[in-house]
Amino acid sequence: TFVVCVLTGYDVEPVMLNPLLDSKSPIDFWGKRWNTLIHTVLKNGVYKPLRQLGVHRLGAILGTFVASGVFHEWLLTVVLVYDDRFYHSERRHSSTPTLGGAIVFFAWQALLIGAEMAIGKTAVVQTLSKQLPQSLKTALVVVSGLPLAHFFLEPYMTSGFFFQHGNTGLPMWIRVE
């Protein structure tokens, strides 16, 4: 960012706005703090066109998150299945990645946003929001996304290609047998 600013004289928009420590709600997390570059692309490329077609706001939100899920599925497939270094590597995954998990995860995020839209303005939620410390609000936002995070993260964790040691630091719930 510094180099671009010095060389061009232009300010660079930050891509992340401290989502894991400053988010107040799922809408705040996904709409203002997490990957703002992709948020803008999805808003202009999926959400707004769906709204212009007459799709209800919640349907457009779901469509946008499903599109993000499809993109992540495509990315996973391209990198893990078609990447020549992976395909011919001894670390090769025993089979192609199970697809659909990213779509499930992102659809869950859309449902969380829908729930926030439905109850976020109620007196109880507003009172709690004013009384809870920021750290607890952020923890609640992150925890709300965890029940289905394993669907998204599992292929990356088990591929042997990504995040070889990162699974110890990525928050997700898994079944212990």
# chains A, B, ... in the order shown; residues from 1 in each chain; ligands from 1

$ residues_around --residues "Ile113 in chain A" --least-positions-apart "2" --cutoff "9 Å" --atoms "only C-alpha atoms" --output "VMD selection string"
chain A and resid 25 to 27 30 58 61 108 to 111 115 to 118

$ residues_around --residues "range 120-137 of chain A" --least-positions-apart "5" --cutoff "10 Å" --atoms "only C-alpha atoms" --output "PyMOL selection string"
chain A and resi 20-25+113-115+142-143

$ write_last_selection --atoms "all heavy atoms" --output "PDB file, in the first residue's frame"
ATOM      1  N   LEU A  20     -12.218  -9.591  12.259  1.00  0.00           N
ATOM      2  CA  LEU A  20     -12.228 -10.541  13.370  1.00  0.00           C
ATOM      3  C   LEU A  20     -12.165  -9.888  14.740  1.00  0.00           C
ATOM      4  O   LEU A  20     -12.312 -10.568  15.750  1.00  0.00           O
ATOM      5  CB  LEU A  20     -11.093 -11.557  13.213  1.00  0.00           C
ATOM      6  CG  LEU A  20     -11.236 -12.488  12.017  1.00  0.00           C
ATOM      7  CD1 LEU A  20     -10.014 -13.391  11.890  1.00  0.00           C
ATOM      8  CD2 LEU A  20     -12.499 -13.315  12.098  1.00  0.00           C
ATOM      9  N   LEU A  21     -11.967  -8.584  14.784  1.00  0.00           N
ATOM     10  CA  LEU A  21     -11.919  -7.909  16.079  1.00  0.00           C
ATOM     11  C   LEU A  21     -12.941  -6.775  16.208  1.00  0.00           C
ATOM     12  O   LEU A  21     -13.266  -6.377  17.312  1.00  0.00           O
ATOM     13  CB  LEU A  21     -10.517  -7.363  16.348  1.00  0.00           C
ATOM     14  CG  LEU A  21      -9.421  -8.414  16.470  1.00  0.00           C
ATOM     15  CD1 LEU A  21      -8.070  -7.751  16.651  1.00  0.00           C
ATOM     16  CD2 LEU A  21      -9.698  -9.384  17.603  1.00  0.00           C
ATOM     17  N   ASP A  22     -13.436  -6.259  15.088  1.00  0.00           N
ATOM     18  CA  ASP A  22     -14.311  -5.090  15.153  1.00  0.00           C
ATOM     19  C   ASP A  22     -15.737  -5.308  14.655  1.00  0.00           C
ATOM     20  O   ASP A  22     -16.539  -4.388  14.694  1.00  0.00           O
ATOM     21  CB  ASP A  22     -13.700  -3.930  14.359  1.00  0.00           C
ATOM     22  CG  ASP A  22     -12.502  -3.311  15.052  1.00  0.00           C
ATOM     23  OD1 ASP A  22     -12.347  -3.523  16.272  1.00  0.00           O
ATOM     24  OD2 ASP A  22     -11.722  -2.623  14.373  1.00  0.00           O
ATOM     25  N   SER A  23     -16.069  -6.488  14.157  1.00  0.00           N
ATOM     26  CA  SER A  23     -17.412  -6.714  13.616  1.00  0.00           C
ATOM     27  C   SER A  23     -18.466  -6.678  14.709  1.00  0.00           C
ATOM     28  O   SER A  23     -18.293  -7.259  15.776  1.00  0.00           O
ATOM     29  CB  SER A  23     -17.477  -8.055  12.890  1.00  0.00           C
ATOM     30  OG  SER A  23     -16.609  -8.039  11.789  1.00  0.00           O
ATOM     31  N   LYS A  24     -19.562  -6.011  14.412  1.00  0.00           N
ATOM     32  CA  LYS A  24     -20.660  -5.888  15.361  1.00  0.00           C
ATOM     33  C   LYS A  24     -21.832  -6.803  15.024  1.00  0.00           C
ATOM     34  O   LYS A  24     -22.711  -7.034  15.850  1.00  0.00           O
ATOM     35  CB  LYS A  24     -21.140  -4.437  15.403  1.00  0.00           C
ATOM     36  CG  LYS A  24     -20.095  -3.461  15.912  1.00  0.00           C
ATOM     37  CD  LYS A  24     -20.550  -2.023  15.712  1.00  0.00           C
ATOM     38  CE  LYS A  24     -19.519  -1.047  16.177  1.00  0.00           C
ATOM     39  NZ  LYS A  24     -18.298  -1.034  15.380  1.00  0.00           N
ATOM     40  N   SER A  25     -21.862  -7.316  13.792  1.00  0.00           N
ATOM     41  CA  SER A  25     -22.973  -8.148  13.340  1.00  0.00           C
ATOM     42  C   SER A  25     -22.553  -8.859  12.057  1.00  0.00           C
ATOM     43  O   SER A  25     -21.548  -8.485  11.440  1.00  0.00           O
ATOM     44  CB  SER A  25     -24.202  -7.270  13.059  1.00  0.00           C
ATOM     45  OG  SER A  25     -23.972  -6.480  11.902  1.00  0.00           O
ATOM     46  N   ILE A 113     -27.537 -13.296   7.877  1.00  0.00           N
ATOM     47  CA  ILE A 113     -27.856 -11.907   7.547  1.00  0.00           C
ATOM     48  C   ILE A 113     -29.364 -11.707   7.508  1.00  0.00           C
ATOM     49  O   ILE A 113     -29.885 -10.701   8.002  1.00  0.00           O
ATOM     50  CB  ILE A 113     -27.179 -11.494   6.226  1.00  0.00           C
ATOM     51  CG1 ILE A 113     -25.677 -11.335   6.481  1.00  0.00           C
ATOM     52  CG2 ILE A 113     -27.784 -10.218   5.657  1.00  0.00           C
ATOM     53  CD1 ILE A 113     -24.853 -11.068   5.268  1.00  0.00           C
ATOM     54  N   GLY A 114     -30.094 -12.674   6.944  1.00  0.00           N
ATOM     55  CA  GLY A 114     -31.556 -12.597   6.944  1.00  0.00           C
ATOM     56  C   GLY A 114     -32.118 -12.564   8.357  1.00  0.00           C
ATOM     57  O   GLY A 114     -33.046 -11.796   8.654  1.00  0.00           O
ATOM     58  N   ALA A 115     -31.538 -13.374   9.246  1.00  0.00           N
ATOM     59  CA  ALA A 115     -31.981 -13.377  10.645  1.00  0.00           C
ATOM     60  C   ALA A 115     -31.698 -12.028  11.292  1.00  0.00           C
ATOM     61  O   ALA A 115     -32.549 -11.496  12.026  1.00  0.00           O
ATOM     62  CB  ALA A 115     -31.290 -14.499  11.421  1.00  0.00           C
ATOM     63  N   VAL A 142     -18.467 -14.268  14.963  1.00  0.00           N
ATOM     64  CA  VAL A 142     -17.594 -15.339  14.469  1.00  0.00           C
ATOM     65  C   VAL A 142     -18.180 -16.708  14.808  1.00  0.00           C
ATOM     66  O   VAL A 142     -18.252 -17.602  13.959  1.00  0.00           O
ATOM     67  CB  VAL A 142     -16.162 -15.184  15.024  1.00  0.00           C
ATOM     68  CG1 VAL A 142     -15.302 -16.382  14.660  1.00  0.00           C
ATOM     69  CG2 VAL A 142     -15.533 -13.896  14.502  1.00  0.00           C
ATOM     70  N   VAL A 143     -18.652 -16.889  16.033  1.00  0.00           N
ATOM     71  CA  VAL A 143     -19.222 -18.173  16.459  1.00  0.00           C
ATOM     72  C   VAL A 143     -20.472 -18.519  15.645  1.00  0.00           C
ATOM     73  O   VAL A 143     -20.700 -19.680  15.329  1.00  0.00           O
ATOM     74  CB  VAL A 143     -19.513 -18.151  17.981  1.00  0.00           C
ATOM     75  CG1 VAL A 143     -20.394 -19.307  18.402  1.00  0.00           C
ATOM     76  CG2 VAL A 143     -18.207 -18.191  18.749  1.00  0.00           C
TER      77      VAL A 143
END

$ atom_distance --atom1 "CA of Ala102 in chain A" --atom2 "CA of Arg51 in chain A"
23.4 Å

$ atom_distance --atom1 "CA of Leu7 in chain A" --atom2 "CA of Asn44 in chain A"
28.9 Å

$ atom_distance --atom1 "CA of Thr1 in chain A" --atom2 "CA of Asn18 in chain A"
16.1 Å
